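For reference, data12.txt (compact mmCIF, C-alpha atoms and all ligand atoms):
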```
# COMPACT_ATOMS: atom_id res chain seq x y z
CA MET A 1 0.00 0.00 0.00
CA ILE A 2 1.19 3.52 -0.78
CA VAL A 3 1.35 5.73 2.31
CA THR A 4 2.22 9.41 1.97
CA ARG A 5 2.21 12.22 4.47
CA PHE A 6 2.21 15.96 4.82
CA ALA A 7 4.48 17.00 7.66
CA PRO A 8 4.41 20.75 8.19
CA SER A 9 6.28 22.55 10.92
CA PRO A 10 3.66 24.78 12.53
CA THR A 11 3.86 28.31 11.28
CA GLY A 12 0.33 29.39 12.15
CA TYR A 13 -1.09 29.09 8.64
CA LEU A 14 -0.76 26.92 5.56
CA HIS A 15 1.02 28.62 2.69
CA ILE A 16 0.51 27.62 -0.90
CA GLY A 17 3.91 25.92 -1.25
CA GLY A 18 2.82 23.63 1.58
CA LEU A 19 -0.57 23.07 -0.01
CA ARG A 20 1.13 22.04 -3.25
CA THR A 21 3.19 19.34 -1.48
CA ALA A 22 0.11 18.23 0.43
CA LEU A 23 -1.91 18.03 -2.79
CA LEU A 24 0.72 15.93 -4.59
CA SER A 25 1.01 13.57 -1.61
CA TYR A 26 -2.77 13.35 -1.36
CA LEU A 27 -3.21 12.58 -5.08
CA TRP A 28 -0.61 9.85 -5.06
CA ALA A 29 -2.09 8.15 -2.00
CA ARG A 30 -5.69 8.38 -3.22
CA ARG A 31 -4.82 7.27 -6.74
CA ASN A 32 -3.39 4.08 -5.25
CA ASN A 33 -6.11 3.56 -2.64
CA GLY A 34 -3.42 4.25 -0.08
CA LYS A 35 -3.23 6.52 2.93
CA PHE A 36 -2.48 10.19 3.30
CA LEU A 37 -1.31 11.13 6.80
CA LEU A 38 -0.95 14.48 8.53
CA ARG A 39 1.86 15.00 11.01
CA ILE A 40 2.58 18.25 12.80
CA GLU A 41 6.32 18.66 13.34
CA ASP A 42 6.16 20.64 16.54
CA THR A 43 9.27 19.62 18.42
CA ASP A 44 10.10 23.30 18.73
CA PHE A 45 7.85 23.75 21.75
CA SER A 46 7.91 27.52 21.73
CA ARG A 47 5.41 27.52 18.86
CA ASN A 48 1.68 27.17 19.04
CA ASP A 49 0.92 23.90 17.30
CA GLU A 50 -2.80 23.80 18.09
CA ALA A 51 -3.46 26.96 16.09
CA ALA A 52 -1.28 25.70 13.25
CA ALA A 53 -3.10 22.38 13.10
CA ARG A 54 -6.45 24.19 13.08
CA ALA A 55 -5.30 26.44 10.25
CA ILE A 56 -4.18 23.43 8.21
CA VAL A 57 -7.40 21.52 8.80
CA GLU A 58 -9.42 24.61 7.89
CA ALA A 59 -7.48 25.07 4.64
CA PHE A 60 -7.72 21.35 3.83
CA LYS A 61 -11.47 21.52 4.37
CA TRP A 62 -11.85 24.50 2.10
CA VAL A 63 -10.01 22.83 -0.78
CA GLY A 64 -11.46 19.40 -0.05
CA LEU A 65 -8.35 17.42 0.91
CA GLU A 66 -8.87 14.86 3.62
CA HIS A 67 -6.19 13.13 5.63
CA ASP A 68 -6.56 9.63 7.05
CA GLY A 69 -6.66 8.91 10.76
CA GLU A 70 -5.76 11.20 13.60
CA ILE A 71 -3.30 14.08 13.27
CA ALA A 72 0.08 12.99 14.70
CA TYR A 73 1.82 15.56 16.87
CA GLN A 74 5.51 15.02 17.32
CA SER A 75 5.35 16.77 20.67
CA SER A 76 3.28 13.89 22.01
CA ARG A 77 5.66 11.22 20.71
CA LEU A 78 8.75 12.08 22.74
CA ALA A 79 8.76 8.77 24.63
CA ILE A 80 8.90 6.93 21.30
CA TYR A 81 11.89 8.94 20.12
CA GLN A 82 13.67 8.34 23.43
CA GLU A 83 13.10 4.62 23.04
CA TYR A 84 14.77 4.67 19.62
CA VAL A 85 17.66 6.81 20.85
CA GLN A 86 18.17 4.21 23.56
CA LYS A 87 18.09 1.40 21.00
CA LEU A 88 20.90 3.06 19.09
CA LEU A 89 22.92 3.59 22.28
CA ASP A 90 22.42 -0.06 23.27
CA SER A 91 23.50 -1.32 19.87
CA GLY A 92 26.57 0.94 19.82
CA LYS A 93 25.29 2.88 16.83
CA ALA A 94 25.04 6.09 18.82
CA TYR A 95 27.08 7.44 21.69
CA LYS A 96 27.26 10.14 24.32
CA CYS A 97 29.35 13.15 23.50
CA TYR A 98 30.49 15.40 26.35
CA MET A 99 32.01 18.19 24.34
CA SER A 100 31.30 21.62 25.83
CA ARG A 101 30.01 24.61 23.88
CA GLU A 102 33.44 26.26 24.24
CA GLU A 103 35.26 23.19 22.91
CA LEU A 104 32.88 23.02 19.97
CA ASP A 105 33.39 26.73 19.20
CA ALA A 106 37.17 26.33 19.42
CA LEU A 107 37.04 23.38 17.03
CA ARG A 108 34.92 25.38 14.56
CA GLU A 109 37.36 28.29 14.67
CA GLU A 110 40.36 26.03 14.02
CA GLN A 111 38.56 24.41 11.10
CA MET A 112 37.56 27.73 9.66
CA ALA A 113 41.13 29.03 9.98
CA ARG A 114 42.25 26.01 7.98
CA LYS A 115 39.44 26.75 5.52
CA GLU A 116 37.86 23.40 6.27
CA ARG A 117 34.21 22.57 6.61
CA ALA A 118 33.05 22.93 10.22
CA LYS A 119 32.26 19.46 11.50
CA TYR A 120 32.43 17.39 14.62
CA ASP A 121 35.76 15.58 14.95
CA ASN A 122 34.44 12.30 16.43
CA ARG A 123 36.40 12.73 19.64
CA TYR A 124 33.86 10.80 21.72
CA ARG A 125 33.04 8.21 19.06
CA ASP A 126 35.12 5.48 20.68
CA PHE A 127 35.43 7.01 24.11
CA THR A 128 35.64 4.53 26.96
CA GLY A 129 37.13 6.72 29.70
CA THR A 130 35.50 8.61 32.55
CA PRO A 131 33.27 11.44 31.31
CA PRO A 132 34.28 14.97 32.35
CA GLU A 133 32.55 15.90 35.56
CA GLY A 134 29.35 17.93 35.56
CA ARG A 135 28.95 17.82 31.80
CA GLU A 136 25.66 16.94 30.20
CA ALA A 137 25.95 14.70 27.18
CA VAL A 138 24.34 15.01 23.78
CA ILE A 139 23.72 11.81 21.79
CA ARG A 140 25.40 11.51 18.41
CA ILE A 141 24.75 8.88 15.80
CA LYS A 142 27.66 7.08 14.12
CA ALA A 143 27.62 8.22 10.51
CA PRO A 144 29.73 6.49 7.88
CA LEU A 145 33.26 7.92 7.85
CA GLU A 146 33.85 7.72 4.12
CA GLY A 147 32.26 6.80 0.83
CA SER A 148 28.98 8.17 -0.37
CA ILE A 149 25.24 8.03 0.22
CA THR A 150 22.99 7.89 -2.78
CA VAL A 151 19.48 9.26 -2.62
CA HIS A 152 17.40 7.46 -5.24
CA ASP A 153 15.06 10.30 -6.00
CA GLY A 154 11.99 9.81 -8.15
CA VAL A 155 12.27 13.35 -9.53
CA LYS A 156 15.98 14.09 -9.66
CA GLY A 157 17.35 10.61 -10.32
CA ASP A 158 20.25 9.32 -8.24
CA VAL A 159 21.80 12.08 -6.19
CA VAL A 160 25.18 11.10 -4.75
CA PHE A 161 26.41 12.79 -1.58
CA ASN A 162 30.03 12.45 -0.62
CA VAL A 163 30.05 11.59 3.08
CA GLU A 164 33.13 13.67 3.85
CA ASP A 165 31.54 16.76 2.35
CA ILE A 166 28.20 16.69 4.10
CA LEU A 167 28.12 14.38 7.09
CA ASP A 168 29.50 14.05 10.56
CA ASP A 169 28.29 12.18 13.64
CA PHE A 170 25.32 14.47 14.02
CA ILE A 171 23.32 15.02 17.20
CA ILE A 172 20.12 12.98 17.51
CA ALA A 173 19.24 14.05 21.07
CA ARG A 174 20.18 17.26 22.83
CA ALA A 175 21.49 17.46 26.39
CA ASP A 176 17.94 18.04 27.68
CA GLY A 177 16.84 14.81 25.99
CA THR A 178 14.83 16.39 23.17
CA PRO A 179 15.39 14.70 19.81
CA THR A 180 16.54 16.57 16.72
CA TYR A 181 14.74 17.18 13.48
CA ASN A 182 16.32 14.66 11.09
CA PHE A 183 16.08 11.90 13.65
CA VAL A 184 12.36 12.31 14.38
CA VAL A 185 11.42 12.69 10.71
CA ALA A 186 13.08 9.37 9.86
CA VAL A 187 11.70 7.56 12.92
CA ASP A 188 8.18 8.84 12.29
CA ASP A 189 8.16 8.11 8.58
CA ALA A 190 9.33 4.58 9.31
CA LEU A 191 6.92 3.91 12.20
CA MET A 192 3.97 5.39 10.32
CA GLY A 193 4.72 3.14 7.37
CA VAL A 194 5.30 6.01 4.94
CA THR A 195 6.34 4.50 1.61
CA ASP A 196 6.58 7.65 -0.51
CA VAL A 197 7.97 10.92 0.79
CA ILE A 198 6.97 13.82 -1.46
CA ARG A 199 8.41 17.13 -0.22
CA GLY A 200 10.16 20.31 -1.29
CA ASP A 201 13.71 19.98 -2.60
CA ASP A 202 14.92 22.32 0.12
CA HIS A 203 14.92 19.07 2.14
CA LEU A 204 17.14 17.12 -0.24
CA SER A 205 20.30 17.83 1.78
CA ASN A 206 18.61 16.42 4.92
CA THR A 207 17.88 13.13 3.21
CA PRO A 208 21.37 11.54 3.59
CA LYS A 209 21.16 12.16 7.34
CA GLN A 210 17.73 10.57 7.46
CA ILE A 211 19.09 7.60 5.51
CA VAL A 212 21.79 7.18 8.18
CA VAL A 213 18.98 6.95 10.77
CA TYR A 214 16.95 4.48 8.71
CA GLU A 215 19.96 2.28 8.25
CA ALA A 216 21.07 2.39 11.88
CA LEU A 217 17.58 1.33 12.99
CA GLY A 218 17.18 -1.26 10.23
CA PHE A 219 14.14 0.50 8.76
CA PRO A 220 13.32 0.21 5.06
CA ILE A 221 14.09 3.41 3.15
CA PRO A 222 11.04 5.02 1.52
CA ARG A 223 10.89 6.35 -2.02
CA PHE A 224 11.74 10.03 -2.16
CA PHE A 225 10.37 12.66 -4.52
CA HIS A 226 11.91 16.06 -3.99
CA VAL A 227 9.78 18.69 -5.69
CA PRO A 228 11.57 21.77 -7.09
CA MET A 229 10.75 25.08 -5.47
CA ILE A 230 8.22 27.57 -6.76
CA HIS A 231 9.95 30.66 -8.15
CA ASN A 232 8.72 34.16 -8.93
CA HIS A 233 9.10 35.81 -12.34
CA GLU A 234 12.64 36.91 -11.43
CA GLY A 235 13.69 33.31 -10.82
CA LYS A 236 13.91 33.77 -7.06
CA LYS A 237 12.28 31.64 -4.39
CA LEU A 238 8.68 32.70 -3.93
CA SER A 239 8.21 35.08 -1.02
CA LYS A 240 5.23 36.58 0.73
CA ARG A 241 5.45 39.60 -1.56
CA ASP A 242 4.89 37.36 -4.59
CA GLY A 243 1.88 35.65 -3.11
CA ALA A 244 3.37 32.90 -0.95
CA THR A 245 0.69 33.58 1.56
CA ASP A 246 -1.91 31.89 3.63
CA VAL A 247 -4.10 29.54 1.60
CA MET A 248 -7.18 31.07 3.21
CA ALA A 249 -6.21 34.48 1.83
CA TYR A 250 -6.96 33.05 -1.62
CA LYS A 251 -10.47 32.31 -0.45
CA THR A 252 -10.90 35.89 0.73
CA LEU A 253 -9.60 37.12 -2.63
CA GLY A 254 -12.33 35.20 -4.43
CA TYR A 255 -10.41 32.24 -5.84
CA THR A 256 -12.24 28.95 -6.04
CA PRO A 257 -10.63 25.85 -4.53
CA GLU A 258 -10.85 24.12 -7.93
CA ALA A 259 -8.79 26.90 -9.55
CA LEU A 260 -6.23 26.92 -6.78
CA LEU A 261 -5.71 23.15 -6.84
CA ASN A 262 -5.55 23.11 -10.63
CA PHE A 263 -3.01 25.94 -10.48
CA LEU A 264 -0.90 24.14 -7.87
CA VAL A 265 -0.86 20.77 -9.58
CA ARG A 266 0.52 22.43 -12.71
CA LEU A 267 3.31 24.10 -10.72
CA GLY A 268 5.89 21.43 -11.31
CA TRP A 269 3.84 18.73 -12.99
CA SER A 270 2.38 18.45 -16.44
CA HIS A 271 0.48 16.06 -18.63
CA GLY A 272 1.12 16.96 -22.27
CA ASP A 273 -0.04 20.52 -22.75
CA GLN A 274 -3.26 20.12 -20.80
CA GLU A 275 -3.97 23.05 -18.47
CA ILE A 276 -7.38 22.30 -17.01
CA PHE A 277 -7.58 19.39 -14.58
CA SER A 278 -10.57 18.42 -12.53
CA MET A 279 -9.91 16.57 -9.29
CA LYS A 280 -11.07 13.39 -11.02
CA GLU A 281 -8.50 13.87 -13.78
CA MET A 282 -5.73 14.71 -11.34
CA LEU A 283 -6.51 11.50 -9.51
CA GLU A 284 -6.39 9.52 -12.72
CA LEU A 285 -3.24 11.08 -14.10
CA PHE A 286 -0.91 12.26 -11.36
CA ASP A 287 2.30 10.32 -10.94
CA PRO A 288 5.16 11.81 -8.91
CA SER A 289 7.73 10.45 -11.34
CA ASP A 290 6.38 12.97 -13.87
CA ILE A 291 7.20 15.94 -11.63
CA ASN A 292 9.42 18.40 -13.51
CA ARG A 293 13.08 18.61 -12.57
CA SER A 294 13.29 22.37 -12.72
CA ALA A 295 11.67 25.05 -10.60
CA SER A 296 8.22 26.22 -11.59
CA VAL A 297 7.14 29.83 -11.96
CA TYR A 298 4.28 31.33 -9.99
CA SER A 299 2.09 33.36 -12.28
CA VAL A 300 -0.86 35.21 -10.86
CA GLU A 301 -2.13 35.75 -14.43
CA LYS A 302 -2.37 31.99 -14.84
CA LEU A 303 -4.20 31.64 -11.55
CA ASP A 304 -6.64 34.39 -12.57
CA TRP A 305 -7.19 32.71 -15.92
CA LEU A 306 -7.96 29.39 -14.23
CA ASN A 307 -10.22 31.09 -11.73
CA ALA A 308 -12.15 32.80 -14.53
CA HIS A 309 -12.51 29.42 -16.23
CA TYR A 310 -13.97 27.76 -13.13
CA ILE A 311 -16.24 30.67 -12.27
CA THR A 312 -17.61 30.83 -15.82
CA ARG A 313 -18.16 27.08 -15.81
CA PHE A 314 -19.90 27.36 -12.47
CA TRP A 315 -22.29 29.99 -13.90
CA TYR A 316 -23.00 27.89 -16.97
CA VAL A 317 -23.81 24.88 -14.81
CA LEU A 318 -26.00 27.02 -12.57
CA MET A 319 -27.83 28.64 -15.48
CA ASP A 320 -28.29 25.29 -17.13
CA SER A 321 -29.82 23.73 -14.06
CA THR A 322 -32.03 26.79 -13.48
CA LYS A 323 -33.25 26.48 -17.07
CA ARG A 324 -33.95 22.80 -16.66
CA ARG A 325 -35.74 23.43 -13.43
CA SER A 326 -37.92 26.17 -14.90
CA LYS A 327 -38.72 23.99 -17.95
CA LYS A 328 -39.82 21.23 -15.60
CA GLY A 329 -41.91 23.83 -13.79
CA ILE A 330 -43.61 24.87 -17.06
CA LYS A 331 -44.37 21.25 -17.94
CA LYS A 332 -45.80 20.69 -14.48
CA ASN A 333 -48.03 23.75 -14.81
CA LEU A 334 -49.29 22.61 -18.20
CA ARG A 335 -50.30 19.22 -16.87
N1 LIG B 1 8.51 19.85 8.66
C1 LIG B 1 9.17 20.12 7.43
C2 LIG B 1 8.74 21.47 6.88
O1 LIG B 1 7.69 21.97 7.23
C3 LIG B 1 8.89 19.08 6.37
C4 LIG B 1 9.54 17.79 6.63
C5 LIG B 1 9.39 16.78 5.54
O2 LIG B 1 8.47 16.90 4.70
O3 LIG B 1 10.14 15.83 5.59
O4 LIG B 1 9.45 22.03 6.08
```
Could you write out this structure as structure tokens?
Ligand code: GLU
Amino acid sequence: MIVTRFAPSPTGYLHIGGLRTALLSYLWARRNNGKFLLRIEDTDFSRNDEAAARAIVEAFKWVGLEHDGEIAYQSSRLAIYQEYVQKLLDSGKAYKCYMSREELDALREEQMARKERAKYDNRYRDFTGTPPEGREAVIRIKAPLEGSITVHDGVKGDVVFNVEDILDDFIIARADGTPTYNFVVAVDDALMGVTDVIRGDDHLSNTPKQIVVYEALGFPIPRFFHVPMIHNHEGKKLSKRDGATDVMAYKTLGYTPEALLNFLVRLGWSHGDQEIFSMKEMLELFDPSDINRSASVYSVEKLDWLNAHYITRFWYVLMDSTKRRSKKGIKKNLR
């Protein structure tokens, strides 16, 4: 079974870039009679996740996307993450590192002076001595020391990362016990049975780290589809100024959900030169392996054109049914 998920970090509203990833994940799950899960990545406790979840559900409702099952909140899964951190410690695949902030800063400075990439130097990787007194430990995972990690990406093809250029024994749990981002994403995707991860390509560089976690825990690695960013007309990443705003703002501006979804599906995916897609057609045709490799361009003119199309169609349908109804009425009166 295909299982996909949408895993936003709570920002208080759902922006259209997020809705696009959610839509693609939704289509792929529904097309395969699979599951589409919603997970709120709220391990940064200073944020208000309740409001964010409400905003997402509200936006999903407006456009008609439905997720399966309960919403998963990472903040309520801390015991699970701790269990998996412990598993890695017990199997020797992770270890305690007692390096102080000052030592870490000094190491960074030395590396920068030598014009090297700042990275942890593995000093506690095989440590068996007595830990320095009064120091809290962070937990680091043992990453491969050399070679490469290949992300088999359904959009970009095989992307090879040289271990020495991008990895070190990264932290999976902080001194206060809270787990880190790449660790929880991998653990959750594995435990929730996610088979296909469809997300923005700003996450591509996180994927090798997540693969290290999957492998250390013996979890199967999902299929990845990293979707190129949405750009503005100047070729820059879409910002609020260009319209990367709250999905619900589109409602206020008079856009129909059909137009918005149609617009979003075409940002990065195509089927011949077809522009108009109903939900039924999207569900029949969407395949993440057809996602374009290059960034897509946000065009408000295109969105307006689609919106005009759907509004006009709506009026035709309405007029048609009014006509039919009044004809029926005439017939009834004649009888
Ligand atoms: N929480 C991440 C974000 O909102 C997404 C993580 C993922 O899709 O793997 O950017």
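With all atoms listed in the file as the atoms that count, the residue of A:Ser76, A:Asn162, A:Thr245, A:Asn182 with the shortest distance to ligand LIG 1 (chain B) is A:Asn182.
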Counting all atoms listed in the file, what residues are within 9 Å of ligand LIG 1 (chain B), given as number ranges by chain? A: 5-11, 18, 21, 39-42, 181-182, 185-186, 189, 197-200, 202-203, 206-207
I'd like the contact shell of Asp290 in chain A - 8 Å cut-off, only C-alpha atoms, skipping same-chain residues fewer than 5 positions apart - returned as an NGL selection string. :A and (155 or 269-270)
Centre and edges of the range 76-82 of chain A box, axis-aligned, 3 Å extra per side, as AutoDock Vina command-line options:
```
--center_x 8.5 --center_y 10.4 --center_z 22.4 --size_x 16.4 --size_y 13.0 --size_z 10.5
```
Would you list the contacts of Leu89 in chain A as number ranges by chain, taking every protein, DNA or RNA residue within 10 Å and counting all atoms listed in the file, but skipping same-chain residues closer than 6 positions in sequence? A: 83, 95-96, 139-141
Take CA of Ile149 in chain A and CA of Ile291 in chain A and report the distance between them in Å, one decimal. 23.0 Å
Excluding Ser100 in chain A and its own-chain neighbours fewer than 3 positions away, which residues fall within 10 Å of it when counting only C-alpha atoms? Please give them as a PyMOL selection string. chain A and resi 97+103-106+132+135-138
CA of Tyr298 in chain A to CA of Phe277 in chain A: how many Å, to one decimal?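 One can read the CA of Tyr298 in chain A to CA of Phe277 in chain A distance as 17.4 Å.
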Taking only C-alpha atoms into account, which of A:Glu215, A:Glu116, A:Glu284, A:Asp196 comes nearest Ala143 in chain A?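 Of the candidates, the smallest distance to Ala143 in chain A is held by A:Glu215.
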Long-range neighbours of range 307-323 of chain A as a list in words, 12 Å cut-off, all atoms listed in the file, 5 positions minimum in chain: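 Within the cut-off, the hits are Tyr250, Lys251, Leu253, Gly254, Tyr255, Thr256, Pro257, Glu258, Ala259, Leu260, Leu261, Asn262, Phe263, Glu275, Ile276, Phe277, Ser278, Val300, Glu301, Lys302, Lys328, Gly329 and Ile330 of chain A.
Closest to Leu19 in chain A among A:Glu281, A:Glu164, A:Asp246, A:Glu70 is A:Asp246, based on all atoms listed in the file.
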Selection near Ser239 in chain A, 12 Å with only C-alpha atoms, sequence-local residues under 4 positions removed, as a ChimeraX atom specification: /A:15-17,229-235,243-246,298
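Considering only C-alpha atoms, the residue among A:Leu283, A:Leu264, A:Ala118, A:Leu78 positioned nearest to Asn32 in chain A is A:Leu283.
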Name the residues, using the chain letters and numbers of the file, that sit within 12 Å of (9.8, 6.8, 10.2) when counting all atoms listed in the file, and give them as number ranges by chain. A: 3-5, 7, 39, 74, 80-81, 84, 181-197, 210-211, 213-215, 217-222
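The gap separating CA of Phe127 in chain A from CA of Lys209 in chain A is 22.6 Å, in Å to one decimal.
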Out of A:Gly34, A:Glu109, A:Val85, A:Gly154, which residue has the shortest atom-to-atom distance to Ile171 in chain A when counting all atoms listed in the file?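 Using all atoms listed in the file, Ile171 in chain A sits closest to A:Val85.
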Please determine, counting all atoms listed in the file, which residue among A:Thr150, A:Val63, A:Leu267, A:Leu285 has the shortest atom-to-atom distance to Ser299 in chain A.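 Checking each of A:Thr150, A:Val63, A:Leu267, A:Leu285 against Ser299 in chain A, counting all atoms listed in the file, the winner is A:Leu267.
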In the coordinate frame of the file, compute which residues have an atom within 6 Å of (10.8, 18.3, 19.0) when using all atoms listed in the file, and state them as a PDB file with C-alpha atoms, in the coordinates of the input.
```pdb
ATOM      1  CA  ASP A  42       6.160  20.640  16.540  1.00  0.00           C
ATOM      2  CA  THR A  43       9.270  19.620  18.420  1.00  0.00           C
ATOM      3  CA  ASP A  44      10.100  23.300  18.730  1.00  0.00           C
ATOM      4  CA  SER A  75       5.350  16.770  20.670  1.00  0.00           C
ATOM      5  CA  PRO A 179      15.390  14.700  19.810  1.00  0.00           C
TER       6      PRO A 179
END
```
